[in-house]
Every structure is written in structure tokens, then in C-alpha cells.
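Structure file structure.cif (mmCIF, C-alpha atoms and all ligand atoms) follows.
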data_structure
loop_
_atom_site.group_PDB
_atom_site.id
_atom_site.type_symbol
_atom_site.label_atom_id
_atom_site.label_comp_id
_atom_site.auth_asym_id
_atom_site.auth_seq_id
_atom_site.Cartn_x
_atom_site.Cartn_y
_atom_site.Cartn_z
ATOM 1 C CA MET A 7 148.605 211.356 154.236
ATOM 2 C CA ALA A 8 149.381 212.083 157.828
ATOM 3 C CA GLN A 9 151.491 209.480 159.401
ATOM 4 C CA VAL A 10 153.522 210.740 162.328
ATOM 5 C CA VAL A 11 157.163 209.772 162.632
ATOM 6 C CA LEU A 12 159.414 210.246 165.640
ATOM 7 C CA LYS A 13 163.152 209.957 165.085
ATOM 8 C CA GLN A 14 165.279 209.773 168.212
ATOM 9 C CA VAL A 15 162.962 212.252 169.928
ATOM 10 C CA SER A 16 163.999 213.248 173.407
ATOM 11 C CA LYS A 17 163.077 215.777 176.040
ATOM 12 C CA ALA A 18 164.819 217.021 179.147
ATOM 13 C CA PHE A 19 163.481 219.408 181.763
ATOM 14 C CA GLN A 20 166.259 221.186 183.688
ATOM 15 C CA ASN A 21 168.734 218.503 182.640
ATOM 16 C CA GLN A 22 166.410 215.739 183.778
ATOM 17 C CA SER A 23 165.831 213.490 180.813
ATOM 18 C CA VAL A 24 162.182 212.347 180.659
ATOM 19 C CA VAL A 25 161.849 211.160 177.047
ATOM 20 C CA LYS A 26 164.835 209.203 175.840
ATOM 21 C CA GLY A 27 165.324 208.768 172.118
ATOM 22 C CA LEU A 28 161.929 207.571 170.863
ATOM 23 C CA ASP A 29 161.825 205.987 167.415
ATOM 24 C CA LEU A 30 158.267 205.425 166.306
ATOM 25 C CA VAL A 31 156.110 205.291 163.193
ATOM 26 C CA ILE A 32 152.434 206.051 163.723
ATOM 27 C CA PRO A 33 150.693 204.955 160.514
ATOM 28 C CA ASP A 34 148.234 207.214 158.727
ATOM 29 C CA GLY A 35 144.703 206.469 159.882
ATOM 30 C CA SER A 36 145.784 204.244 162.772
ATOM 31 C CA PHE A 37 144.392 204.353 166.289
ATOM 32 C CA THR A 38 147.663 204.345 168.191
ATOM 33 C CA VAL A 39 147.618 204.198 171.975
ATOM 34 C CA LEU A 40 150.539 205.329 174.124
ATOM 35 C CA VAL A 41 150.287 203.466 177.402
ATOM 36 C CA GLY A 42 152.506 203.209 180.447
ATOM 37 C CA PRO A 43 152.698 204.061 184.128
ATOM 38 C CA SER A 44 152.258 207.587 185.411
ATOM 39 C CA GLY A 45 155.332 209.745 184.808
ATOM 40 C CA CYS A 46 156.777 207.636 181.964
ATOM 41 C CA GLY A 47 156.607 210.512 179.472
ATOM 42 C CA LYS A 48 153.335 209.941 177.589
ATOM 43 C CA SER A 49 151.954 213.471 177.924
ATOM 44 C CA THR A 50 155.314 215.027 177.147
ATOM 45 C CA THR A 51 155.522 212.952 173.960
ATOM 46 C CA LEU A 52 152.007 213.991 172.903
ATOM 47 C CA ARG A 53 152.722 217.634 173.699
ATOM 48 C CA MET A 54 155.843 217.517 171.539
ATOM 49 C CA ILE A 55 153.781 216.165 168.631
ATOM 50 C CA ALA A 56 151.281 218.990 169.208
ATOM 51 C CA GLY A 57 154.074 221.531 169.383
ATOM 52 C CA LEU A 58 153.199 222.592 172.941
ATOM 53 C CA GLU A 59 156.589 221.388 174.092
ATOM 54 C CA GLU A 60 159.798 221.638 172.086
ATOM 55 C CA ALA A 61 161.876 218.479 171.706
ATOM 56 C CA THR A 62 165.406 218.738 173.075
ATOM 57 C CA GLY A 63 166.621 216.290 170.475
ATOM 58 C CA GLY A 64 165.529 214.365 167.425
ATOM 59 C CA GLU A 65 162.955 215.062 164.745
ATOM 60 C CA ILE A 66 159.163 214.847 164.420
ATOM 61 C CA LEU A 67 157.442 214.531 161.062
ATOM 62 C CA ILE A 68 153.731 214.962 160.403
ATOM 63 C CA GLY A 69 152.961 213.681 156.945
ATOM 64 C CA GLU A 70 156.056 214.511 154.924
ATOM 65 C CA GLN A 71 156.813 217.649 156.872
ATOM 66 C CA SER A 72 159.411 218.033 159.590
ATOM 67 C CA VAL A 73 157.586 220.088 162.226
ATOM 68 C CA ASN A 74 160.332 220.781 164.748
ATOM 69 C CA HIS A 75 160.081 224.525 164.295
ATOM 70 C CA VAL A 76 156.434 224.690 163.239
ATOM 71 C CA PRO A 77 154.213 226.385 165.870
ATOM 72 C CA PRO A 78 151.203 224.440 167.249
ATOM 73 C CA GLY A 79 148.638 226.479 165.281
ATOM 74 C CA LYS A 80 150.339 225.597 162.002
ATOM 75 C CA ARG A 81 150.415 221.835 162.615
ATOM 76 C CA ASP A 82 147.533 219.807 161.254
ATOM 77 C CA VAL A 83 146.706 218.448 164.702
ATOM 78 C CA ALA A 84 144.050 218.967 167.355
ATOM 79 C CA MET A 85 144.395 217.984 170.974
ATOM 80 C CA VAL A 86 141.844 216.996 173.607
ATOM 81 C CA PHE A 87 142.932 217.240 177.226
ATOM 82 C CA GLN A 88 141.980 215.400 180.376
ATOM 83 C CA ASN A 89 140.455 218.482 182.024
ATOM 84 C CA TYR A 90 138.617 219.483 178.915
ATOM 85 C CA ALA A 91 138.657 223.225 179.702
ATOM 86 C CA LEU A 92 135.460 224.516 178.119
ATOM 87 C CA TYR A 93 134.646 228.214 178.262
ATOM 88 C CA PRO A 94 131.999 228.351 181.002
ATOM 89 C CA THR A 95 130.277 231.528 179.837
ATOM 90 C CA MET A 96 130.051 230.434 176.195
ATOM 91 C CA SER A 97 127.296 228.290 174.735
ATOM 92 C CA VAL A 98 128.028 224.817 173.422
ATOM 93 C CA TYR A 99 127.810 226.287 169.912
ATOM 94 C CA ASP A 100 130.418 228.961 170.672
ATOM 95 C CA ASN A 101 132.679 226.484 172.425
ATOM 96 C CA ILE A 102 132.701 224.269 169.342
ATOM 97 C CA ALA A 103 132.981 227.195 166.921
ATOM 98 C CA TYR A 104 135.976 228.428 168.911
ATOM 99 C CA GLY A 105 137.980 225.683 167.223
ATOM 100 C CA LEU A 106 137.399 227.495 163.934
ATOM 101 C CA ARG A 107 138.630 230.891 165.093
ATOM 102 C CA ASN A 108 141.298 232.514 162.972
ATOM 103 C CA ARG A 109 140.585 230.179 160.106
ATOM 104 C CA GLY A 110 138.738 232.726 158.019
ATOM 105 C CA TYR A 111 135.403 230.927 157.793
ATOM 106 C CA SER A 112 132.243 232.898 157.130
ATOM 107 C CA LYS A 113 129.511 232.799 159.766
ATOM 108 C CA LYS A 114 127.463 230.576 157.488
ATOM 109 C CA ASP A 115 130.318 228.105 156.944
ATOM 110 C CA CYS A 116 130.853 227.981 160.711
ATOM 111 C CA GLN A 117 127.193 227.163 161.255
ATOM 112 C CA VAL A 118 127.294 224.342 158.730
ATOM 113 C CA LEU A 119 130.477 222.843 160.182
ATOM 114 C CA VAL A 120 129.345 223.105 163.807
ATOM 115 C CA ALA A 121 125.963 221.565 162.964
ATOM 116 C CA GLU A 122 127.650 218.667 161.197
ATOM 117 C CA ILE A 123 130.044 217.910 164.054
ATOM 118 C CA ALA A 124 127.346 218.379 166.710
ATOM 119 C CA GLY A 125 125.375 215.700 164.881
ATOM 120 C CA VAL A 126 128.325 213.324 164.898
ATOM 121 C CA VAL A 127 128.810 213.609 168.666
ATOM 122 C CA GLY A 128 125.084 213.721 169.473
ATOM 123 C CA LEU A 129 124.904 217.321 170.675
ATOM 124 C CA SER A 130 122.523 218.812 168.111
ATOM 125 C CA ASP A 131 119.877 219.525 170.735
ATOM 126 C CA TYR A 132 122.288 221.117 173.180
ATOM 127 C CA LEU A 133 123.929 223.888 171.171
ATOM 128 C CA LYS A 134 122.327 226.738 173.128
ATOM 129 C CA ARG A 135 123.228 225.382 176.557
ATOM 130 C CA LYS A 136 126.113 226.438 178.770
ATOM 131 C CA PRO A 137 128.678 223.804 179.872
ATOM 132 C CA SER A 138 127.275 223.959 183.431
ATOM 133 C CA GLN A 139 123.975 222.626 182.077
ATOM 134 C CA LEU A 140 125.582 219.483 180.669
ATOM 135 C CA SER A 141 126.580 216.125 182.102
ATOM 136 C CA GLY A 142 130.242 215.125 182.288
ATOM 137 C CA GLY A 143 129.923 212.960 179.210
ATOM 138 C CA GLN A 144 128.265 215.741 177.238
ATOM 139 C CA ARG A 145 131.014 218.168 178.238
ATOM 140 C CA GLN A 146 133.610 215.729 177.062
ATOM 141 C CA ARG A 147 131.753 215.476 173.749
ATOM 142 C CA VAL A 148 131.889 219.265 173.417
ATOM 143 C CA ALA A 149 135.653 219.096 173.912
ATOM 144 C CA LEU A 150 135.897 216.386 171.245
ATOM 145 C CA ALA A 151 133.676 218.399 168.901
ATOM 146 C CA ARG A 152 135.796 221.512 169.387
ATOM 147 C CA ALA A 153 138.847 219.558 168.270
ATOM 148 C CA MET A 154 137.044 217.662 165.495
ATOM 149 C CA VAL A 155 135.509 220.717 163.879
ATOM 150 C CA LYS A 156 138.978 221.626 162.610
ATOM 151 C CA LYS A 157 139.058 218.293 160.778
ATOM 152 C CA PRO A 158 142.644 217.653 161.759
ATOM 153 C CA GLU A 159 144.671 214.968 160.051
ATOM 154 C CA VAL A 160 145.988 213.990 163.463
ATOM 155 C CA PHE A 161 143.909 213.838 166.606
ATOM 156 C CA LEU A 162 145.786 213.860 169.910
ATOM 157 C CA MET A 163 144.025 212.802 173.091
ATOM 158 C CA ASP A 164 145.535 212.848 176.565
ATOM 159 C CA GLU A 165 143.513 210.651 178.925
ATOM 160 C CA PRO A 166 140.293 212.289 177.733
ATOM 161 C CA LEU A 167 138.031 209.882 179.609
ATOM 162 C CA SER A 168 139.771 209.783 182.965
ATOM 163 C CA ASN A 169 137.345 212.228 184.616
ATOM 164 C CA LEU A 170 134.281 210.206 183.655
ATOM 165 C CA ASP A 171 132.641 207.464 185.668
ATOM 166 C CA ALA A 172 133.178 203.845 184.649
ATOM 167 C CA LYS A 173 129.895 203.440 182.791
ATOM 168 C CA LEU A 174 130.306 206.580 180.748
ATOM 169 C CA ARG A 175 133.937 205.728 180.097
ATOM 170 C CA ASN A 176 132.910 202.409 178.555
ATOM 171 C CA GLN A 177 130.318 204.125 176.410
ATOM 172 C CA MET A 178 132.751 206.832 175.263
ATOM 173 C CA ARG A 179 135.361 204.195 174.402
ATOM 174 C CA VAL A 180 132.947 202.623 171.982
ATOM 175 C CA GLU A 181 131.979 206.031 170.612
ATOM 176 C CA LEU A 182 135.579 207.057 170.078
ATOM 177 C CA THR A 183 136.314 203.827 168.263
ATOM 178 C CA SER A 184 133.427 204.405 165.879
ATOM 179 C CA LEU A 185 134.351 208.073 165.495
ATOM 180 C CA HIS A 186 137.801 206.982 164.413
ATOM 181 C CA LYS A 187 136.265 204.736 161.759
ATOM 182 C CA GLN A 188 134.044 207.558 160.520
ATOM 183 C CA LEU A 189 136.753 210.225 160.364
ATOM 184 C CA GLY A 190 139.607 208.089 159.099
ATOM 185 C CA SER A 191 142.132 210.463 160.658
ATOM 186 C CA THR A 192 145.139 209.383 162.693
ATOM 187 C CA PHE A 193 144.310 209.044 166.395
ATOM 188 C CA ILE A 194 147.040 209.147 169.028
ATOM 189 C CA TYR A 195 145.570 208.346 172.394
ATOM 190 C CA VAL A 196 147.344 208.480 175.742
ATOM 191 C CA THR A 197 146.217 206.442 178.732
ATOM 192 C CA HIS A 198 147.735 204.767 181.778
ATOM 193 C CA ASP A 199 144.937 202.182 181.687
ATOM 194 C CA GLN A 200 145.986 198.927 180.040
ATOM 195 C CA VAL A 201 142.382 197.779 179.537
ATOM 196 C CA GLU A 202 141.595 200.967 177.672
ATOM 197 C CA ALA A 203 144.704 200.518 175.537
ATOM 198 C CA MET A 204 143.973 196.897 174.705
ATOM 199 C CA THR A 205 140.347 197.547 173.741
ATOM 200 C CA MET A 206 140.767 200.765 171.764
ATOM 201 C CA GLY A 207 144.005 200.717 169.857
ATOM 202 C CA ASP A 208 145.084 198.970 166.697
ATOM 203 C CA GLN A 209 148.689 199.793 167.563
ATOM 204 C CA ILE A 210 149.844 199.920 171.176
ATOM 205 C CA VAL A 211 153.031 201.636 172.255
ATOM 206 C CA VAL A 212 154.096 200.584 175.742
ATOM 207 C CA MET A 213 156.340 203.126 177.445
ATOM 208 C CA ASN A 214 158.338 203.041 180.643
ATOM 209 C CA GLU A 215 160.746 205.629 182.067
ATOM 210 C CA GLY A 216 160.917 207.647 178.860
ATOM 211 C CA ARG A 217 161.550 204.680 176.589
ATOM 212 C CA ILE A 218 159.466 202.474 174.303
ATOM 213 C CA MET A 219 159.260 198.931 175.634
ATOM 214 C CA GLN A 220 157.270 197.458 172.729
ATOM 215 C CA VAL A 221 155.085 198.452 169.780
ATOM 216 C CA ALA A 222 152.522 195.890 168.661
ATOM 217 C CA ALA A 223 148.890 195.121 167.954
ATOM 218 C CA PRO A 224 146.896 194.277 171.121
ATOM 219 C CA MET A 225 146.808 190.512 170.601
ATOM 220 C CA GLU A 226 150.480 190.338 169.741
ATOM 221 C CA LEU A 227 151.345 192.344 172.834
ATOM 222 C CA TYR A 228 149.329 189.982 174.942
ATOM 223 C CA GLN A 229 150.596 186.790 173.374
ATOM 224 C CA GLU A 230 154.173 187.798 172.660
ATOM 225 C CA PRO A 231 155.386 190.376 175.143
ATOM 226 C CA GLU A 232 159.020 191.139 174.361
ATOM 227 C CA ASN A 233 160.082 191.687 177.926
ATOM 228 C CA LEU A 234 159.049 191.228 181.525
ATOM 229 C CA PHE A 235 157.879 194.806 181.875
ATOM 230 C CA VAL A 236 155.352 194.461 179.061
ATOM 231 C CA ALA A 237 154.211 191.046 180.279
ATOM 232 C CA GLN A 238 153.583 192.361 183.779
ATOM 233 C CA PHE A 239 152.078 195.649 182.671
ATOM 234 C CA ILE A 240 149.676 194.054 180.214
ATOM 235 C CA GLY A 241 149.066 191.086 182.463
ATOM 236 C CA SER A 242 149.751 188.472 179.822
ATOM 237 C CA PRO A 243 150.432 184.854 180.809
ATOM 238 C CA ALA A 244 154.049 184.731 179.579
HETATM 239 P P1 LIG A 301 152.922 210.806 181.912
HETATM 240 O O1 LIG A 301 152.009 211.593 181.026
HETATM 241 O O2 LIG A 301 153.356 209.516 181.328
HETATM 242 O O3 LIG A 301 152.335 210.603 183.285
HETATM 243 P P2 LIG A 301 154.620 213.141 181.739
HETATM 244 O O4 LIG A 301 155.018 213.223 180.329
HETATM 245 O O5 LIG A 301 153.563 214.060 182.212
HETATM 246 O O6 LIG A 301 154.273 211.638 182.125
HETATM 247 O O7 LIG A 301 155.892 213.418 182.652
HETATM 248 C C1 LIG A 301 157.106 212.703 182.510
HETATM 249 C C2 LIG A 301 158.116 213.242 183.498
HETATM 250 O O8 LIG A 301 158.452 214.579 183.163
HETATM 251 C C3 LIG A 301 157.605 213.284 184.937
HETATM 252 O O9 LIG A 301 158.651 212.931 185.788
HETATM 253 C C4 LIG A 301 157.218 214.738 185.120
HETATM 254 O O10 LIG A 301 157.355 215.109 186.456
HETATM 255 C C5 LIG A 301 158.225 215.458 184.250
HETATM 256 N N1 LIG A 301 157.690 216.719 183.693
HETATM 257 C C6 LIG A 301 156.627 216.835 182.882
HETATM 258 N N2 LIG A 301 156.412 218.122 182.534
HETATM 259 C C7 LIG A 301 157.384 218.846 183.182
HETATM 260 C C8 LIG A 301 157.732 220.243 183.239
HETATM 261 N N3 LIG A 301 157.018 221.157 182.555
HETATM 262 N N4 LIG A 301 158.781 220.585 184.005
HETATM 263 C C9 LIG A 301 159.515 219.674 184.671
HETATM 264 N N5 LIG A 301 159.252 218.337 184.652
HETATM 265 C C10 LIG A 301 158.209 217.930 183.926
HETATM 266 MG MG MG A 302 150.114 212.357 181.417
#

In C-alpha cells, how does this file's structure come out?
Ligand code: ADP
Ligand code: MG
Amino acid sequence: MAQVVLKQVSKAFQNQSVVKGLDLVIPDGSFTVLVGPSGCGKSTTLRMIAGLEEATGGEILIGEQSVNHVPPGKRDVAMVFQNYALYPTMSVYDNIAYGLRNRGYSKKDCQVLVAEIAGVVGLSDYLKRKPSQLSGGQRQRVALARAMVKKPEVFLMDEPLSNLDAKLRNQMRVELTSLHKQLGSTFIYVTHDQVEAMTMGDQIVVMNEGRIMQVAAPMELYQEPENLFVAQFIGSPA
């Protein structure tokens, strides 16, 4: 079980409060999307779940465990960033296998795991290439594979498609949705794009200025926005 629970989680940078007392339950196995305008605190929230940023207040639980003082490497999470930061001199294989470093796998076990994940993301024929010999979409798949190979309970993604062109973005949206079904892990996906949120998530969390404006399924958000901000942001008729 790896639901993620936020209890009154907040974050301030130099006394400027950017995340303001979030209370949120992210169900095990859900595809939860955090959406909201630029600067509303989405990345900071994700980074606190990953352990890359320490909360100034409140508590975060992953599964049953309170992780406030657990370092990133000891949390059962993997994160994919917007600028997917592959190692340019390493092969696709080594980039993916990098996710397994310090986990004590034998070379053979690594090979089996990398081969399996490469198959899932359609990179089996590209393992010997360097990132520079791949398209943008293939590079993004390597970044996904590097995170997936660790088989995390919780998968954190911060605008992972924003550097791709519109066509590829549509394709990757569909692929991510089916990947989520295959893996069954908890996906927490950050975007500022309402269309992306409405088409990908089963639970949408709308944020504004460090606060949660509404948490709902896409249709409910559209049909029953709880406030003007959500109605305008989602573009619902209400
Ligand atoms: P979003 O991902 O929704 O665009 P962020 O979480 O990146 O928003 O940022 C929320 C606010 O926190 C912004 O005003 C941003 O400038 C500020 N912020 C983010 N990271 C830092 C940091 N390391 N130091 C100071 N301010 C930061
Ligand atoms: Mg961000």
C-alpha cells in the first residue's frame, strides 16, 4: 500500500510562504494530477513528497510511514523532471541502469530489469545508443525508464512532457495512462495545463497561491466547480 497523505503541509522560503497548509489524501494506485498556474507551489509540493525539499510545517506519510525525516533515497518514490537530465556520455542502457545503482543488484539482475523496462517503454532496440542519437520523445522515455526500473510505489512527475511538441505530447499522454494501468503504482503528476490534467488524471487537485482550491474527479470538477477560480481555470460552464 502506498497512499500518500499530506497533513497541514507548508513550505516557506526566506519567510515567504509558498505552500500553505495542504491537507490531501492521494489514494494508492491513483493517477493524481496537481494542476494550477505557474508559481502556485506544485513543484515545491512534489519535491517535498520526494524529500528534495524539507517541509517547514506539517507531516507527509507514504504508505503508513511518516517520512518527514527520511532522506530521498530511502523513500519508495522515483521522480521524473521536466528537463529530463540524461547522462550524455552514457548509453541508454547505462542511463536506465543508473536508477539501480546502490541497490546491490548483480549485473545479471540489472540486465534482466533493464531489458524488461526497455520493452515496456519501447526502447529495446535503442539500448546501445547515446541520448544525442535519440528523438525528444525517446529521451523522455529513457527518463521514465530510469525512474520505473526502481519499481517505486510512488511515481512523481513534474511536467515531464512540457519540452515535447504537441503531437508527441498527445502520444505520451496516452502512453503514460496505459503505463499507469500496467504498473498499478501511485502516480502524482504535476502540470499547469488544464487539458492535460482533465484527460490524464482520475483525481485532480487544483492549486492556487499555495492552497488547494478543489480535489475531485475530472467530470465532477467540470460540472461542479466549488469556486470561481476552479470554474475559470478549468473553463467549465458554471
Ligand atoms: P509551480 O511549480 O507551481 O510553478 P513552484 O513550487 O516552483 O511553483 O514555486 C512556488 C513559489 O515558490 C514561487 O513563487 C517560486 O518563486 C518560489 N520558490 C520555489 N523554489 C524556491 C527556492 N528554492 N527559493 C525561493 N523561492 C522558491
Ligand atoms: Mg513547477

I need the residue nearest Leu30 (chain A) from this list: A:Arg217, A:Val236, A:Gly57, A:Asn74. Use all atoms listed in the file for the distance.
A:Arg217

Closest to Gly105 (chain A) among A:Leu52, A:Met85, A:Val160, A:Val73, using all atoms listed in the file?
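Ranked by minimum distance to Gly105 (chain A), first place goes to A:Met85.
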
Matched chain/residue IDs from the PyMOL selection byres (((chain A and resi 219) around 10) and not hetatm), as an mmCIF file with C-alpha atoms, in the frame of the given file:
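To be explicit, this is the file written out as selection-v4.cif:
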data_model
loop_
_atom_site.group_PDB
_atom_site.id
_atom_site.type_symbol
_atom_site.label_atom_id
_atom_site.label_comp_id
_atom_site.auth_asym_id
_atom_site.auth_seq_id
_atom_site.Cartn_x
_atom_site.Cartn_y
_atom_site.Cartn_z
ATOM 1 C CA GLY A 42 152.506 203.209 180.447
ATOM 2 C CA VAL A 211 153.031 201.636 172.255
ATOM 3 C CA VAL A 212 154.096 200.584 175.742
ATOM 4 C CA MET A 213 156.340 203.126 177.445
ATOM 5 C CA ASN A 214 158.338 203.041 180.643
ATOM 6 C CA GLU A 215 160.746 205.629 182.067
ATOM 7 C CA GLY A 216 160.917 207.647 178.860
ATOM 8 C CA ARG A 217 161.550 204.680 176.589
ATOM 9 C CA ILE A 218 159.466 202.474 174.303
ATOM 10 C CA GLN A 220 157.270 197.458 172.729
ATOM 11 C CA VAL A 221 155.085 198.452 169.780
ATOM 12 C CA PRO A 231 155.386 190.376 175.143
ATOM 13 C CA GLU A 232 159.020 191.139 174.361
ATOM 14 C CA ASN A 233 160.082 191.687 177.926
ATOM 15 C CA LEU A 234 159.049 191.228 181.525
ATOM 16 C CA PHE A 235 157.879 194.806 181.875
ATOM 17 C CA VAL A 236 155.352 194.461 179.061
#

For Gln117 (chain A), work out the shell of residues within 12 Å, counting all atoms listed in the file and skipping chain neighbours fewer than 3 positions away, then give it as a PyMOL selection string.
chain A and resi 99-100+102-104+106+111-114+120-124+130+133+155

Using all atoms listed in the file, which residues have at least one atom no more than 10 Å from ligand MG 302 (chain A)? Output them as an MDAnalysis selection string.
chainID A and resid 41:53 87:88 164:165 196:198

I need the chosen residues saved as a PDB file, keeping the file's coordinate frame, with C-alpha atoms.
ATOM      1  CA  VAL A  41     150.287 203.466 177.402  1.00  0.00           C
ATOM      2  CA  GLY A  42     152.506 203.209 180.447  1.00  0.00           C
ATOM      3  CA  PRO A  43     152.698 204.061 184.128  1.00  0.00           C
ATOM      4  CA  SER A  44     152.258 207.587 185.411  1.00  0.00           C
ATOM      5  CA  GLY A  45     155.332 209.745 184.808  1.00  0.00           C
ATOM      6  CA  CYS A  46     156.777 207.636 181.964  1.00  0.00           C
ATOM      7  CA  GLY A  47     156.607 210.512 179.472  1.00  0.00           C
ATOM      8  CA  LYS A  48     153.335 209.941 177.589  1.00  0.00           C
ATOM      9  CA  SER A  49     151.954 213.471 177.924  1.00  0.00           C
ATOM     10  CA  THR A  50     155.314 215.027 177.147  1.00  0.00           C
ATOM     11  CA  THR A  51     155.522 212.952 173.960  1.00  0.00           C
ATOM     12  CA  LEU A  52     152.007 213.991 172.903  1.00  0.00           C
ATOM     13  CA  ARG A  53     152.722 217.634 173.699  1.00  0.00           C
ATOM     14  CA  PHE A  87     142.932 217.240 177.226  1.00  0.00           C
ATOM     15  CA  GLN A  88     141.980 215.400 180.376  1.00  0.00           C
ATOM     16  CA  ASP A 164     145.535 212.848 176.565  1.00  0.00           C
ATOM     17  CA  GLU A 165     143.513 210.651 178.925  1.00  0.00           C
ATOM     18  CA  VAL A 196     147.344 208.480 175.742  1.00  0.00           C
ATOM     19  CA  THR A 197     146.217 206.442 178.732  1.00  0.00           C
ATOM     20  CA  HIS A 198     147.735 204.767 181.778  1.00  0.00           C
TER      21      HIS A 198
END

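What separates CA of Leu174 (chain A) from CA of Met204 (chain A) is a distance of 17.8 Å.
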
Which residues match the PyMOL selection byres (((chain A and resi 62-71) around 8) and not hetatm) in the file above, as a compact mmCIF listing (two decimals) with C-alpha atoms, keeping the file's coordinate frame?
# COMPACT_ATOMS: atom_id res chain seq x y z
CA MET A 7 148.60 211.36 154.24
CA ALA A 8 149.38 212.08 157.83
CA GLN A 9 151.49 209.48 159.40
CA VAL A 10 153.52 210.74 162.33
CA VAL A 11 157.16 209.77 162.63
CA LEU A 12 159.41 210.25 165.64
CA LYS A 13 163.15 209.96 165.08
CA GLN A 14 165.28 209.77 168.21
CA VAL A 15 162.96 212.25 169.93
CA SER A 16 164.00 213.25 173.41
CA LYS A 17 163.08 215.78 176.04
CA ALA A 18 164.82 217.02 179.15
CA GLY A 27 165.32 208.77 172.12
CA ILE A 55 153.78 216.16 168.63
CA GLU A 60 159.80 221.64 172.09
CA ALA A 61 161.88 218.48 171.71
CA SER A 72 159.41 218.03 159.59
CA VAL A 73 157.59 220.09 162.23
CA ASN A 74 160.33 220.78 164.75
CA ARG A 81 150.42 221.84 162.62
CA ASP A 82 147.53 219.81 161.25

Residues in the PyMOL selection byres (((chain A and resi 90) around 9) and not hetatm), expressed as a VMD selection string:
chain A and resid 86 to 89 91 to 92 145 to 146 148 to 150 166

Pick out the closest residue to ligand LIG 301 (chain A) from this set: A:Asp199, A:Gly110, A:Ile32, A:Glu226. Count all atoms listed in the file.
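Checking each of A:Asp199, A:Gly110, A:Ile32, A:Glu226 against ligand LIG 301 (chain A), counting all atoms listed in the file, the winner is A:Asp199.
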
Straight-line distance linking CA of Leu227 (chain A) with CA of Met54 (chain A), stated in Å to one decimal:
25.6 Å

CA of Arg109 (chain A) to CA of Phe37 (chain A), distance in Å rounded to a single decimal:
26.8 Å

Near-Ser138 (chain A) list (7 Å; all atoms listed in the file; drop same-chain fewer than 2 positions) as a PyMOL selection string
chain A and resi 94+136+140

Can you put N, CA and C atoms back into region 137-149 of chain A and show it as an mmCIF file, keeping the file's coordinate frame?
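Result went into part-v2.cif, see below:
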data_model
loop_
_atom_site.group_PDB
_atom_site.id
_atom_site.type_symbol
_atom_site.label_atom_id
_atom_site.label_comp_id
_atom_site.auth_asym_id
_atom_site.auth_seq_id
_atom_site.Cartn_x
_atom_site.Cartn_y
_atom_site.Cartn_z
ATOM 1 N N PRO A 137 128.048 225.024 179.353
ATOM 2 C CA PRO A 137 128.678 223.804 179.872
ATOM 3 C C PRO A 137 128.121 223.357 181.228
ATOM 4 N N SER A 138 127.782 224.323 182.096
ATOM 5 C CA SER A 138 127.275 223.959 183.431
ATOM 6 C C SER A 138 125.947 223.222 183.371
ATOM 7 N N GLN A 139 125.274 223.307 182.223
ATOM 8 C CA GLN A 139 123.975 222.626 182.077
ATOM 9 C C GLN A 139 124.109 221.279 181.385
ATOM 10 N N LEU A 140 125.343 220.770 181.339
ATOM 11 C CA LEU A 140 125.582 219.483 180.669
ATOM 12 C C LEU A 140 126.123 218.459 181.656
ATOM 13 N N SER A 141 125.952 217.199 181.320
ATOM 14 C CA SER A 141 126.580 216.125 182.102
ATOM 15 C C SER A 141 128.068 216.040 181.747
ATOM 16 N N GLY A 142 128.815 215.292 182.551
ATOM 17 C CA GLY A 142 130.242 215.125 182.288
ATOM 18 C C GLY A 142 130.526 214.558 180.902
ATOM 19 N N GLY A 143 129.727 213.576 180.523
ATOM 20 C CA GLY A 143 129.923 212.960 179.210
ATOM 21 C C GLY A 143 129.617 213.934 178.076
ATOM 22 N N GLN A 144 128.591 214.752 178.268
ATOM 23 C CA GLN A 144 128.265 215.741 177.238
ATOM 24 C C GLN A 144 129.363 216.795 177.130
ATOM 25 N N ARG A 145 129.921 217.187 178.276
ATOM 26 C CA ARG A 145 131.014 218.168 178.238
ATOM 27 C C ARG A 145 132.215 217.607 177.490
ATOM 28 N N GLN A 146 132.479 216.331 177.748
ATOM 29 C CA GLN A 146 133.610 215.729 177.062
ATOM 30 C C GLN A 146 133.350 215.675 175.553
ATOM 31 N N ARG A 147 132.093 215.460 175.177
ATOM 32 C CA ARG A 147 131.753 215.476 173.749
ATOM 33 C C ARG A 147 131.948 216.855 173.136
ATOM 34 N N VAL A 148 131.659 217.902 173.929
ATOM 35 C CA VAL A 148 131.889 219.265 173.417
ATOM 36 C C VAL A 148 133.384 219.457 173.149
ATOM 37 N N ALA A 149 134.206 218.964 174.088
ATOM 38 C CA ALA A 149 135.653 219.096 173.912
ATOM 39 C C ALA A 149 136.122 218.343 172.659
#
